[in-house]
Amino acid sequence: MKKPIVNVLISTYNGEKYLSILLDSLLKQSDVEIYIIIRDDGSKDATVNIIKKYIINNKNITLVQGKNLGYARSFWELIKLAPSSDYYAFC
């Protein structure tokens, strides 16, 4: 049976404290084919560096960097970028 495809949309802003925990949890999912699309909303901490380290070993993670739009507009940008899938999840 084919696993359902899930696009996980994440908007980050200075999220270094919990980002690794979140990504580790998402990457452990086994009953779905997961793709993670992250839009950084202009973080000034190590958030982008953490994401780039995860991308090295996880080709299912995509990073989009942008200026600070606020979370609502940042998620709207993610929705426009997300490819077709069976399900969408927002983090």
# chains A, B, ... in the order shown; residues from 1 in each chain; ligands from 1
$ select_by_dssp --residues "chain A" --states "alpha helix (DSSP H)" --output "MDAnalysis selection string"
chainID A and resid 16:27 47:57 71:81
$ residues_around --residues "Ala82 of chain A" --least-positions-apart "6" --cutoff "8 Å" --atoms "only C-alpha atoms" --output "JSON list (two decimals) with N, CA and C atoms, in the first residue's frame"
[["chain", "number", "residue", "atom", "x", "y", "z"],
["A", 7, "ASN", "N", 2.76, 17.21, 3.11],
["A", 7, "ASN", "CA", 3.62, 18.39, 3.10],
["A", 7, "ASN", "C", 3.46, 19.09, 4.44],
["A", 9, "LEU", "N", 4.29, 22.33, 6.47],
["A", 9, "LEU", "CA", 4.67, 23.72, 6.24],
["A", 9, "LEU", "C", 5.05, 24.34, 7.58],
["A", 37, "ILE", "N", 8.63, 21.82, 4.22],
["A", 37, "ILE", "CA", 8.95, 23.08, 3.57],
["A", 37, "ILE", "C", 8.99, 24.14, 4.66]]
$ closest_residue --among "A:Lys17, A:Arg39, A:Lys3, A:Lys67" --to "Leu81 of chain A" --atoms "only C-alpha atoms"
A:Arg39
$ residues_around --residues "Ser11 of chain A" --least-positions-apart "6" --cutoff "7 Å" --atoms "only C-alpha atoms" --output "PDB file with all heavy atoms, in the first residue's frame"
ATOM      1  N   ILE A  38      10.155  24.738   4.825  1.00  0.00           N
ATOM      2  CA  ILE A  38      10.344  25.723   5.890  1.00  0.00           C
ATOM      3  C   ILE A  38      10.580  27.088   5.261  1.00  0.00           C
ATOM      4  O   ILE A  38      11.438  27.241   4.391  1.00  0.00           O
ATOM      5  CB  ILE A  38      11.553  25.364   6.779  1.00  0.00           C
ATOM      6  CG1 ILE A  38      11.401  23.952   7.343  1.00  0.00           C
ATOM      7  CG2 ILE A  38      11.725  26.397   7.886  1.00  0.00           C
ATOM      8  CD1 ILE A  38      12.658  23.427   8.026  1.00  0.00           C
ATOM      9  N   ARG A  39       9.830  28.067   5.716  1.00  0.00           N
ATOM     10  CA  ARG A  39      10.086  29.457   5.320  1.00  0.00           C
ATOM     11  C   ARG A  39      10.553  30.197   6.555  1.00  0.00           C
ATOM     12  O   ARG A  39       9.836  30.328   7.533  1.00  0.00           O
ATOM     13  CB  ARG A  39       8.841  30.145   4.763  1.00  0.00           C
ATOM     14  CG  ARG A  39       9.174  31.559   4.300  1.00  0.00           C
ATOM     15  CD  ARG A  39       7.970  32.358   3.862  1.00  0.00           C
ATOM     16  NE  ARG A  39       8.429  33.669   3.452  1.00  0.00           N
ATOM     17  CZ  ARG A  39       8.738  34.655   4.304  1.00  0.00           C
ATOM     18  NH1 ARG A  39       8.604  34.498   5.606  1.00  0.00           N
ATOM     19  NH2 ARG A  39       9.168  35.814   3.850  1.00  0.00           N
ATOM     20  N   ASP A  40      11.810  30.665   6.502  1.00  0.00           N
ATOM     21  CA  ASP A  40      12.308  31.447   7.626  1.00  0.00           C
ATOM     22  C   ASP A  40      11.912  32.895   7.422  1.00  0.00           C
ATOM     23  O   ASP A  40      12.131  33.478   6.365  1.00  0.00           O
ATOM     24  CB  ASP A  40      13.825  31.328   7.775  1.00  0.00           C
ATOM     25  CG  ASP A  40      14.275  32.046   9.022  1.00  0.00           C
ATOM     26  OD1 ASP A  40      14.025  31.525  10.122  1.00  0.00           O
ATOM     27  OD2 ASP A  40      14.825  33.160   8.899  1.00  0.00           O
ATOM     28  N   ASP A  41      11.335  33.466   8.458  1.00  0.00           N
ATOM     29  CA  ASP A  41      10.762  34.813   8.409  1.00  0.00           C
ATOM     30  C   ASP A  41      11.744  35.859   8.929  1.00  0.00           C
ATOM     31  O   ASP A  41      11.373  36.743   9.677  1.00  0.00           O
ATOM     32  CB  ASP A  41       9.459  34.816   9.228  1.00  0.00           C
ATOM     33  CG  ASP A  41       8.500  35.927   8.814  1.00  0.00           C
ATOM     34  OD1 ASP A  41       8.532  36.339   7.647  1.00  0.00           O
ATOM     35  OD2 ASP A  41       7.712  36.365   9.670  1.00  0.00           O
ATOM     36  N   TYR A  71       3.771  35.811  10.872  1.00  0.00           N
ATOM     37  CA  TYR A  71       3.461  34.394  10.665  1.00  0.00           C
ATOM     38  C   TYR A  71       2.332  34.149   9.665  1.00  0.00           C
ATOM     39  O   TYR A  71       2.380  33.206   8.883  1.00  0.00           O
ATOM     40  CB  TYR A  71       3.185  33.691  11.991  1.00  0.00           C
ATOM     41  CG  TYR A  71       1.892  34.091  12.659  1.00  0.00           C
ATOM     42  CD1 TYR A  71       0.711  33.420  12.385  1.00  0.00           C
ATOM     43  CD2 TYR A  71       1.861  35.147  13.567  1.00  0.00           C
ATOM     44  CE1 TYR A  71      -0.471  33.782  12.987  1.00  0.00           C
ATOM     45  CE2 TYR A  71       0.673  35.516  14.175  1.00  0.00           C
ATOM     46  CZ  TYR A  71      -0.488  34.832  13.886  1.00  0.00           C
ATOM     47  OH  TYR A  71      -1.656  35.199  14.480  1.00  0.00           O
ATOM     48  N   SER A  74       3.654  34.694   6.181  1.00  0.00           N
ATOM     49  CA  SER A  74       4.692  33.695   5.952  1.00  0.00           C
ATOM     50  C   SER A  74       4.068  32.349   5.589  1.00  0.00           C
ATOM     51  O   SER A  74       4.501  31.678   4.645  1.00  0.00           O
ATOM     52  CB  SER A  74       5.575  33.552   7.199  1.00  0.00           C
ATOM     53  OG  SER A  74       6.626  32.640   6.963  1.00  0.00           O
ATOM     54  N   PHE A  75       3.028  31.957   6.331  1.00  0.00           N
ATOM     55  CA  PHE A  75       2.335  30.711   5.995  1.00  0.00           C
ATOM     56  C   PHE A  75       1.636  30.822   4.637  1.00  0.00           C
ATOM     57  O   PHE A  75       1.584  29.844   3.885  1.00  0.00           O
ATOM     58  CB  PHE A  75       1.330  30.321   7.085  1.00  0.00           C
ATOM     59  CG  PHE A  75       1.952  29.514   8.184  1.00  0.00           C
ATOM     60  CD1 PHE A  75       2.072  30.039   9.456  1.00  0.00           C
ATOM     61  CD2 PHE A  75       2.418  28.231   7.954  1.00  0.00           C
ATOM     62  CE1 PHE A  75       2.647  29.295  10.481  1.00  0.00           C
ATOM     63  CE2 PHE A  75       2.987  27.478   8.964  1.00  0.00           C
ATOM     64  CZ  PHE A  75       3.098  28.009  10.238  1.00  0.00           C
TER      65      PHE A  75
END
$ closest_residue --among "A:Asn57, A:Asn68, A:Ser25, A:Ser43" --to "Tyr13 of chain A" --atoms "only C-alpha atoms"
A:Ser43
$ closest_residue --among "A:Val32, A:Ser20, A:Val64, A:Ile5" --to "Pro83 of chain A" --atoms "only C-alpha atoms"
A:Ile5
$ closest_residue --among "A:Leu19, A:Cys91, A:Ala72, A:Val6" --to "Asp45 of chain A" --atoms "only C-alpha atoms"
A:Leu19
$ atom_distance --atom1 "atom CA of Gln29 of chain A" --atom2 "atom CA of Arg73 of chain A"
27.6 Å
$ closest_residue --among "A:Thr12, A:Leu27, A:Ala46, A:Glu33" --to "Tyr87 of chain A" --atoms "only C-alpha atoms"
A:Glu33
$ atom_distance --atom1 "atom CA of Gly70 of chain A" --atom2 "atom CA of Tyr18 of chain A"
18.8 Å
$ closest_residue --among "A:Tyr54, A:Tyr35, A:Leu69, A:Asn49" --to "Tyr88 of chain A" --atoms "only C-alpha atoms"
A:Tyr35
